[in-house]
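Data block for upload.txt (compact mmCIF, C-alpha atoms and all ligand atoms):
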# COMPACT_ATOMS: atom_id res chain seq x y z
CA MET A 1 0.00 0.00 0.00
CA ASN A 2 1.15 3.53 -0.78
CA PRO A 3 2.21 4.92 2.66
CA TYR A 4 0.83 8.30 1.63
CA GLU A 5 -2.67 6.81 1.72
CA SER A 6 -2.48 6.14 5.50
CA GLN A 7 -4.39 8.19 8.08
CA ALA A 8 -1.17 8.66 10.08
CA LEU A 9 0.65 10.34 7.15
CA LEU A 10 -2.43 12.39 6.23
CA ASP A 11 -2.49 13.83 9.76
CA GLN A 12 1.31 14.29 9.76
CA TYR A 13 1.23 16.18 6.43
CA LEU A 14 -1.72 18.38 7.42
CA LEU A 15 0.34 19.46 10.45
CA PHE A 16 3.50 19.84 8.33
CA HIS A 17 1.72 22.03 5.75
CA TYR A 18 -0.75 24.02 7.88
CA GLY A 19 0.36 23.77 11.55
CA SER A 20 1.50 26.95 13.34
CA ALA A 21 4.97 27.10 14.91
CA ASP A 22 3.42 26.52 18.35
CA GLU A 23 1.39 23.55 17.14
CA ILE A 24 4.42 21.87 15.57
CA LEU A 25 7.28 22.79 17.91
CA PRO A 26 6.15 23.88 21.39
CA TYR A 27 9.70 23.76 22.80
CA SER A 28 12.38 26.42 23.06
CA GLY A 29 15.66 25.64 21.34
CA GLY A 30 14.14 23.61 18.49
CA PRO A 31 15.03 24.01 14.79
CA VAL A 32 12.63 26.89 14.02
CA THR A 33 14.32 27.69 10.70
CA ALA A 34 13.00 24.34 9.42
CA LEU A 35 9.34 25.32 9.90
CA GLU A 36 6.99 26.30 7.04
CA PHE A 37 8.87 24.40 4.33
CA PRO A 38 5.87 24.10 1.92
CA ARG A 39 5.51 27.92 1.99
CA ARG A 40 9.27 28.59 1.70
CA SER A 41 9.83 26.09 -1.13
CA VAL A 42 7.81 28.56 -3.21
CA ALA A 43 8.63 31.93 -1.60
CA ASP A 44 12.41 31.39 -1.35
CA ASN A 45 12.78 30.14 -4.91
CA ILE A 46 10.60 32.45 -7.03
CA ASP A 47 9.74 36.12 -6.79
CA PRO A 48 6.03 36.22 -5.79
CA SER A 49 5.74 39.89 -6.81
CA VAL A 50 6.02 38.85 -10.50
CA PRO A 51 2.67 37.52 -11.79
CA ARG A 52 2.87 34.25 -13.73
CA ALA A 53 0.33 32.37 -15.79
CA ARG A 54 0.30 28.57 -15.36
CA ALA A 55 1.87 26.63 -12.45
CA LEU A 56 2.11 22.89 -11.87
CA ASP A 57 2.74 21.54 -8.35
CA LEU A 58 3.77 17.90 -8.74
CA GLY A 59 3.61 15.74 -5.60
CA CYS A 60 1.56 18.53 -4.00
CA ALA A 61 0.47 16.30 -1.05
CA VAL A 62 -2.20 18.21 0.95
CA GLY A 63 -1.72 21.33 -1.13
CA ARG A 64 0.02 24.10 0.83
CA SER A 65 2.50 25.04 -1.93
CA SER A 66 -0.32 25.07 -4.52
CA PHE A 67 -2.18 27.62 -2.37
CA GLU A 68 1.03 29.70 -2.15
CA LEU A 69 1.48 29.56 -5.95
CA SER A 70 -2.14 30.67 -6.49
CA ALA A 71 -1.38 34.07 -4.94
CA PHE A 72 0.66 35.06 -8.03
CA CYS A 73 -0.13 32.45 -10.73
CA SER A 74 -3.43 32.73 -12.58
CA GLU A 75 -3.85 28.94 -12.93
CA VAL A 76 -2.44 26.25 -10.63
CA VAL A 77 -2.70 22.49 -11.12
CA GLY A 78 -1.80 20.41 -8.04
CA ILE A 79 -1.23 16.71 -8.70
CA ASP A 80 -0.47 13.91 -6.25
CA LEU A 81 -0.59 10.11 -6.39
CA SER A 82 -2.36 9.91 -3.02
CA GLU A 83 -6.12 10.15 -3.46
CA GLN A 84 -6.65 10.95 0.18
CA PHE A 85 -4.07 13.77 0.12
CA ILE A 86 -5.86 15.25 -2.92
CA LYS A 87 -9.23 14.84 -1.19
CA ALA A 88 -7.92 16.81 1.81
CA ALA A 89 -6.40 19.51 -0.45
CA GLU A 90 -9.67 19.82 -2.37
CA HIS A 91 -11.66 20.03 0.89
CA LEU A 92 -9.41 22.92 2.01
CA ARG A 93 -9.79 24.58 -1.39
CA LYS A 94 -13.59 24.44 -1.24
CA GLU A 95 -14.33 24.82 2.46
CA GLY A 96 -11.31 26.77 3.73
CA GLU A 97 -10.64 24.49 6.71
CA LEU A 98 -10.29 20.86 7.71
CA THR A 99 -10.19 19.15 11.11
CA TYR A 100 -7.41 16.64 11.73
CA HIS A 101 -5.54 14.97 14.58
CA ARG A 102 -2.03 15.64 15.84
CA LEU A 103 -0.49 12.56 17.44
CA GLU A 104 0.88 13.19 20.93
CA GLU A 105 1.94 9.63 21.84
CA GLY A 106 0.48 6.13 21.69
CA LYS A 107 -3.31 6.47 21.45
CA ILE A 108 -3.42 10.12 22.51
CA SER A 109 -4.04 12.85 19.95
CA THR A 110 -5.22 16.47 19.82
CA GLU A 111 -7.82 17.80 17.39
CA LEU A 112 -6.57 20.73 15.29
CA VAL A 113 -7.89 22.69 12.33
CA ALA A 114 -5.94 23.26 9.09
CA ARG A 115 -6.83 26.55 7.40
CA ARG A 116 -6.33 27.65 3.80
CA PRO A 117 -3.71 30.46 3.63
CA GLU A 118 -5.37 33.89 3.56
CA LYS A 119 -3.63 35.23 0.47
CA SER A 120 -4.43 32.17 -1.64
CA ARG A 121 -6.86 32.23 -4.57
CA PRO A 122 -8.72 28.87 -4.38
CA GLU A 123 -10.70 29.58 -7.56
CA ARG A 124 -7.43 29.44 -9.52
CA ILE A 125 -6.49 25.92 -8.33
CA ARG A 126 -7.38 22.47 -9.65
CA PHE A 127 -6.31 19.47 -7.54
CA GLU A 128 -6.09 16.11 -9.31
CA ALA A 129 -5.01 12.63 -8.30
CA GLY A 130 -2.39 11.52 -10.81
CA ASN A 131 0.99 9.98 -11.45
CA ALA A 132 3.94 12.29 -12.16
CA LEU A 133 5.38 9.49 -14.32
CA ASP A 134 2.26 9.21 -16.46
CA LEU A 135 0.85 12.70 -16.95
CA SER A 136 -1.74 13.48 -19.58
CA CYS A 137 -0.34 15.41 -22.57
CA ARG A 138 -3.51 17.54 -22.29
CA LEU A 139 -1.94 19.30 -19.29
CA GLY A 140 0.10 21.43 -21.69
CA LYS A 141 3.12 23.55 -20.68
CA PHE A 142 3.66 25.57 -17.52
CA ASP A 143 5.42 28.81 -16.59
CA VAL A 144 6.29 27.38 -13.17
CA LEU A 145 6.85 23.73 -12.26
CA HIS A 146 7.31 23.06 -8.54
CA ALA A 147 8.20 19.53 -7.44
CA ALA A 148 9.16 19.52 -3.76
CA ASN A 149 10.63 16.35 -2.30
CA LEU A 150 9.09 14.17 -4.99
CA LEU A 151 12.18 13.00 -6.91
CA CYS A 152 13.42 10.41 -4.40
CA ARG A 153 9.90 9.03 -3.94
CA LEU A 154 9.62 7.97 -7.59
CA PRO A 155 10.34 4.47 -8.97
CA GLU A 156 11.76 6.02 -12.18
CA PRO A 157 13.38 9.35 -11.27
CA GLU A 158 15.36 9.55 -14.52
CA GLN A 159 12.18 9.13 -16.59
CA PHE A 160 10.69 11.98 -14.55
CA LEU A 161 13.67 14.27 -15.30
CA SER A 162 13.39 13.44 -19.01
CA SER A 163 9.73 14.52 -19.00
CA LEU A 164 10.41 17.97 -17.52
CA PRO A 165 11.44 19.84 -20.73
CA GLY A 166 8.06 18.86 -22.23
CA LEU A 167 6.20 20.37 -19.27
CA VAL A 168 7.97 23.73 -18.86
CA ALA A 169 7.37 26.57 -21.34
CA LYS A 170 10.29 28.58 -22.76
CA ASP A 171 11.70 30.87 -20.02
CA GLY A 172 9.56 29.02 -17.47
CA LEU A 173 10.96 28.14 -14.03
CA LEU A 174 11.52 24.67 -12.64
CA ILE A 175 11.84 24.40 -8.84
CA LEU A 176 13.08 21.02 -7.62
CA THR A 177 13.79 20.15 -4.03
CA THR A 178 14.97 16.80 -2.72
CA PRO A 179 16.44 15.54 0.56
CA CYS A 180 18.25 12.88 -1.54
CA THR A 181 16.75 10.18 0.69
CA TRP A 182 17.05 7.28 -1.75
CA LEU A 183 15.17 4.28 -0.35
CA GLY A 184 14.53 0.84 -1.86
CA GLU A 185 10.87 0.94 -0.82
CA PHE A 186 10.27 3.79 -3.31
CA THR A 187 13.10 3.52 -5.88
CA THR A 188 14.86 0.30 -6.77
CA PRO A 189 18.61 0.83 -6.08
CA GLU A 190 19.45 0.30 -9.78
CA ASN A 191 17.60 3.57 -10.40
CA TRP A 192 19.42 5.61 -7.72
CA PRO A 193 21.95 8.12 -9.08
CA ILE A 194 25.49 6.74 -8.90
CA GLU A 195 26.92 10.21 -8.25
CA PRO A 196 25.78 13.02 -5.90
CA THR A 197 22.22 14.00 -6.78
CA ALA A 198 23.20 17.63 -7.55
CA GLN A 199 25.76 16.47 -10.12
CA TRP A 200 23.28 14.05 -11.65
CA LEU A 201 20.63 16.81 -11.97
CA LYS A 202 23.16 19.03 -13.78
CA GLU A 203 23.95 16.25 -16.23
CA LYS A 204 20.33 15.39 -16.91
CA LEU A 205 18.85 18.91 -17.05
CA SER A 206 21.54 21.23 -18.46
CA ALA A 207 20.80 20.55 -22.15
CA LYS A 208 17.30 22.07 -21.83
CA PHE A 209 17.56 24.25 -18.68
CA ASN A 210 19.91 26.92 -17.33
CA LEU A 211 20.70 26.42 -13.65
CA LEU A 212 19.89 29.58 -11.65
CA ASN A 213 20.87 28.38 -8.17
CA PHE A 214 21.21 25.63 -5.61
CA ARG A 215 20.38 26.19 -1.94
CA ASP A 216 19.95 24.14 1.23
CA MET A 217 16.46 24.20 2.72
CA PRO A 218 15.76 22.57 6.10
CA PHE A 219 12.37 21.08 6.89
CA LEU A 220 10.79 19.55 9.96
CA ILE A 221 8.13 16.84 10.11
CA ARG A 222 6.66 16.06 13.53
CA GLU A 223 5.92 12.35 14.06
CA HIS A 224 4.67 12.76 17.63
CA ALA A 225 5.17 15.16 20.53
CA ARG A 226 8.70 13.93 21.19
CA LYS A 227 9.90 12.70 17.80
CA TYR A 228 10.70 14.75 14.71
CA GLN A 229 12.36 14.26 11.33
CA TRP A 230 14.73 17.16 10.62
CA SER A 231 15.99 17.04 7.03
CA MET A 232 17.97 19.29 4.70
CA ALA A 233 16.49 19.44 1.21
CA GLN A 234 18.65 20.48 -1.71
CA ALA A 235 16.69 23.02 -3.74
CA SER A 236 17.56 23.96 -7.30
CA VAL A 237 15.95 26.46 -9.64
CA TRP A 238 16.22 26.12 -13.42
CA LYS A 239 15.10 28.26 -16.34
CA ARG A 240 13.87 26.55 -19.53
CA LYS A 241 16.02 27.44 -22.55
C1 LIG B 1 7.81 13.56 0.57
S1 LIG B 1 6.19 14.00 0.04
C2 LIG B 1 6.38 15.71 -0.42
C3 LIG B 1 5.07 16.44 -0.47
C4 LIG B 1 5.11 17.94 -0.67
N1 LIG B 1 5.58 18.33 -1.98
C5 LIG B 1 5.94 18.59 0.40
O1 LIG B 1 6.99 19.17 0.08
O2 LIG B 1 5.52 18.53 1.57
C6 LIG B 1 6.10 13.16 -1.53
C7 LIG B 1 4.73 13.33 -2.18
O3 LIG B 1 4.82 12.80 -3.51
C8 LIG B 1 3.66 12.03 -3.76
N2 LIG B 1 3.99 11.07 -4.81
C9 LIG B 1 4.74 9.95 -4.71
N3 LIG B 1 4.85 9.34 -5.91
C10 LIG B 1 4.17 10.11 -6.78
C11 LIG B 1 3.91 10.02 -8.18
N4 LIG B 1 4.36 8.99 -8.91
N5 LIG B 1 3.17 10.98 -8.76
C12 LIG B 1 2.68 12.02 -8.02
N6 LIG B 1 2.88 12.15 -6.71
C13 LIG B 1 3.62 11.21 -6.09
C14 LIG B 1 3.30 11.42 -2.43
O4 LIG B 1 1.95 10.99 -2.39
C15 LIG B 1 3.61 12.58 -1.49
O5 LIG B 1 2.52 13.43 -1.35

So that I can check it, write out the structure of this file as structure tokens.
Amino acid sequence: MNPYESQALLDQYLLFHYGSADEILPYSGGPVTALEFPRRSVADNIDPSVPRARALDLGCAVGRSSFELSAFCSEVVGIDLSEQFIKAAEHLRKEGELTYHRLEEGKISTELVARRPEKSRPERIRFEAGNALDLSCRLGKFDVLHAANLLCRLPEPEQFLSSLPGLVAKDGLLILTTPCTWLGEFTTPENWPIEPTAQWLKEKLSAKFNLLNFRDMPFLIREHARKYQWSMAQASVWKRK
């Protein structure tokens, strides 16, 4: 079963995308710079004061980055393989809020409410369940393609990279982030890059994209009240030739 269809990961991702600092990390001395990753993966990598036309958010999960993109892109398509993640994102798009549970420990949880970001434009967004490795050609081309922490969750990451030139319009921006967590449960080891991921991306993308920058972006996922995953994603921004 796809782990992203479980109730535990749905609750974890709703907290990751929509939880406040206090809801996620109610301790002093924690890694606060790792909070709000799904907002920063957009805001730190593209200038939101420049309006754009079409944006595609691949592996959008429960939708936070799609809502961020909708503030300055006139059309946003958010696609994820997990039907229940898309259902939650669509509920937030339509209703503005969604109740979920934050795990404290064992069988104890706290009810919280995820809220759609205020500056978002829900009428500009379409959420769809779909496979990033088998996208319909009817999607067309995009001025912004955002794929945060999707690459190392794919069975065929190289096939995915090969499809990107066909999805990004000339002068369009591609924002890729990945914590380079290559795991056999998602990607058979034969399909892992045999060199550092950054080097591999340069080799695979440079013919059709100009590299604008690489940066390190921390993120924090709370598993329960006393256990967190702190990771450092490698973000890269590319401009279609
Ligand atoms: C590590 S999460 C990242 C989610 C989100 N972009 C973020 O930064 O929080 C990976 C996401 O990719 C989705 N995913 C995995 N394989 C996929 C595929 N083949 N096509 C589309 N989405 C996929 C998962 O369901 C999950 O939501």

Taking all atoms listed in the file into account, name the residue in A:Leu150, A:Leu98, A:Leu25, A:Ile108 that is nearest to ligand LIG 1 (chain B).
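Closest to ligand LIG 1 (chain B), using all atoms listed in the file: A:Leu150.
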
Proximity check chain A to ligand LIG 1 (chain B), 6 Å, nearest pairs one decimal Å, all atoms listed in the file, as CSV:
residue,atom,partner,partner_atom,distance
A:Tyr4,CA,B:LIG1,O4,5.0
A:Pro38,CA,B:LIG1,O1,5.4
A:Gly59,CA,B:LIG1,O3,3.8
A:Cys60,CA,B:LIG1,N1,4.5
A:Ala61,CA,B:LIG1,O5,3.5
A:Asp80,CA,B:LIG1,N6,3.8
A:Leu81,CA,B:LIG1,N6,4.0
A:Ser82,CA,B:LIG1,O4,4.5
A:Gly130,CA,B:LIG1,C12,5.8
A:Asn131,CA,B:LIG1,N5,3.6
A:Ala132,CA,B:LIG1,N5,3.7
A:Leu133,CA,B:LIG1,N4,5.5
A:Ala148,CA,B:LIG1,N1,4.2
A:Asn149,CA,B:LIG1,C2,4.7
A:Leu150,CA,B:LIG1,C6,4.7
A:Arg153,CA,B:LIG1,C9,5.3
A:Leu154,CA,B:LIG1,N3,5.2

Just to confirm, what's the straight-line distance from CA of Thr197 in chain A to CA of Leu220 in chain A in Å (one decimal)?
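About the pair CA of Thr197 in chain A and CA of Leu220 in chain A: they are 21.0 Å apart.
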
For CA of Ala129 in chain A and CA of Phe72 in chain A, quote the distance in Å rounded to one decimal.
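These atoms are spaced 23.1 Å apart.
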
Nearest residue to Glu156 in chain A from the set A:Trp230, A:Phe16, A:Trp192, A:Phe127 (distances using all atoms listed in the file)
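The shortest atom-to-atom distance to Glu156 in chain A comes from A:Trp192.
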
Two-atom distance - CA of His17 in chain A, CA of Glu5 in chain A (Å):
16.3 Å

Please determine, counting only C-alpha atoms, which residue among A:Leu174, A:Ile221, A:Leu15, A:Met1 has the shortest atom-to-atom distance to Phe142 in chain A.
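Once distances to Phe142 in chain A are computed over only C-alpha atoms, the minimum belongs to A:Leu174.
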
Point out the residue among A:Leu69, A:Ser6, A:Ser20, A:Pro51 with the least atom-to-atom distance to Glu83 in chain A, counting all atoms listed in the file.
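Looking only at the distances to Glu83 in chain A, the closest residue turns out to be A:Ser6.
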
So, with all atoms listed in the file as the atoms that count, which of A:Glu118, A:Asp57, A:Asp11, A:Glu203 lies closest to Phe85 in chain A?
A:Asp11

Residue completion, range 122-141 of chain A, N, CA, C and O atoms, as an mmCIF file, in the coordinates of the input:
data_model
loop_
_atom_site.group_PDB
_atom_site.id
_atom_site.type_symbol
_atom_site.label_atom_id
_atom_site.label_comp_id
_atom_site.auth_asym_id
_atom_site.auth_seq_id
_atom_site.Cartn_x
_atom_site.Cartn_y
_atom_site.Cartn_z
ATOM 1 N N PRO A 122 -8.268 30.257 -4.143
ATOM 2 C CA PRO A 122 -8.720 28.870 -4.380
ATOM 3 C C PRO A 122 -9.378 28.673 -5.737
ATOM 4 O O PRO A 122 -9.302 27.585 -6.309
ATOM 5 N N GLU A 123 -9.998 29.721 -6.268
ATOM 6 C CA GLU A 123 -10.700 29.580 -7.560
ATOM 7 C C GLU A 123 -9.715 29.377 -8.710
ATOM 8 O O GLU A 123 -10.113 28.987 -9.811
ATOM 9 N N ARG A 124 -8.424 29.619 -8.467
ATOM 10 C CA ARG A 124 -7.430 29.440 -9.520
ATOM 11 C C ARG A 124 -6.822 28.038 -9.530
ATOM 12 O O ARG A 124 -6.004 27.718 -10.391
ATOM 13 N N ILE A 125 -7.181 27.220 -8.522
ATOM 14 C CA ILE A 125 -6.490 25.920 -8.330
ATOM 15 C C ILE A 125 -7.364 24.750 -8.751
ATOM 16 O O ILE A 125 -8.574 24.725 -8.481
ATOM 17 N N ARG A 126 -6.716 23.760 -9.368
ATOM 18 C CA ARG A 126 -7.380 22.470 -9.650
ATOM 19 C C ARG A 126 -6.518 21.374 -9.049
ATOM 20 O O ARG A 126 -5.336 21.262 -9.405
ATOM 21 N N PHE A 127 -7.047 20.607 -8.108
ATOM 22 C CA PHE A 127 -6.310 19.470 -7.540
ATOM 23 C C PHE A 127 -6.766 18.197 -8.255
ATOM 24 O O PHE A 127 -7.968 17.986 -8.450
ATOM 25 N N GLU A 128 -5.774 17.364 -8.601
ATOM 26 C CA GLU A 128 -6.090 16.110 -9.310
ATOM 27 C C GLU A 128 -5.234 14.984 -8.762
ATOM 28 O O GLU A 128 -4.029 15.183 -8.560
ATOM 29 N N ALA A 129 -5.828 13.799 -8.592
ATOM 30 C CA ALA A 129 -5.010 12.630 -8.300
ATOM 31 C C ALA A 129 -4.355 12.203 -9.612
ATOM 32 O O ALA A 129 -5.014 12.186 -10.654
ATOM 33 N N GLY A 130 -3.062 11.920 -9.574
ATOM 34 C CA GLY A 130 -2.390 11.520 -10.810
ATOM 35 C C GLY A 130 -0.962 11.110 -10.534
ATOM 36 O O GLY A 130 -0.430 11.308 -9.433
ATOM 37 N N ASN A 131 -0.362 10.520 -11.571
ATOM 38 C CA ASN A 131 0.990 9.980 -11.450
ATOM 39 C C ASN A 131 1.967 10.866 -12.219
ATOM 40 O O ASN A 131 1.811 11.052 -13.430
ATOM 41 N N ALA A 132 2.955 11.406 -11.522
ATOM 42 C CA ALA A 132 3.940 12.290 -12.160
ATOM 43 C C ALA A 132 4.699 11.580 -13.276
ATOM 44 O O ALA A 132 5.297 12.239 -14.136
ATOM 45 N N LEU A 133 4.680 10.243 -13.280
ATOM 46 C CA LEU A 133 5.380 9.490 -14.320
ATOM 47 C C LEU A 133 4.460 9.146 -15.488
ATOM 48 O O LEU A 133 4.884 8.487 -16.435
ATOM 49 N N ASP A 134 3.219 9.560 -15.408
ATOM 50 C CA ASP A 134 2.260 9.210 -16.460
ATOM 51 C C ASP A 134 1.230 10.340 -16.584
ATOM 52 O O ASP A 134 0.032 10.129 -16.393
ATOM 53 N N LEU A 135 1.734 11.528 -16.903
ATOM 54 C CA LEU A 135 0.850 12.700 -16.950
ATOM 55 C C LEU A 135 0.185 12.800 -18.317
ATOM 56 O O LEU A 135 0.795 12.465 -19.336
ATOM 57 N N SER A 136 -1.029 13.314 -18.320
ATOM 58 C CA SER A 136 -1.740 13.480 -19.580
ATOM 59 C C SER A 136 -1.086 14.592 -20.396
ATOM 60 O O SER A 136 -0.733 15.648 -19.854
ATOM 61 N N CYS A 137 -0.945 14.361 -21.734
ATOM 62 C CA CYS A 137 -0.340 15.410 -22.570
ATOM 63 C C CYS A 137 -1.286 16.605 -22.681
ATOM 64 O O CYS A 137 -0.884 17.701 -23.060
ATOM 65 N N ARG A 138 -2.548 16.425 -22.257
ATOM 66 C CA ARG A 138 -3.510 17.540 -22.290
ATOM 67 C C ARG A 138 -3.194 18.602 -21.246
ATOM 68 O O ARG A 138 -3.755 19.692 -21.269
ATOM 69 N N LEU A 139 -2.287 18.288 -20.303
ATOM 70 C CA LEU A 139 -1.940 19.300 -19.290
ATOM 71 C C LEU A 139 -1.282 20.523 -19.915
ATOM 72 O O LEU A 139 -1.390 21.624 -19.404
ATOM 73 N N GLY A 140 -0.563 20.316 -21.016
ATOM 74 C CA GLY A 140 0.100 21.430 -21.690
ATOM 75 C C GLY A 140 1.393 21.830 -20.994
ATOM 76 O O GLY A 140 1.970 21.038 -20.232
ATOM 77 N N LYS A 141 1.839 23.081 -21.240
ATOM 78 C CA LYS A 141 3.120 23.550 -20.680
ATOM 79 C C LYS A 141 2.864 24.586 -19.596
ATOM 80 O O LYS A 141 1.829 25.257 -19.602
#
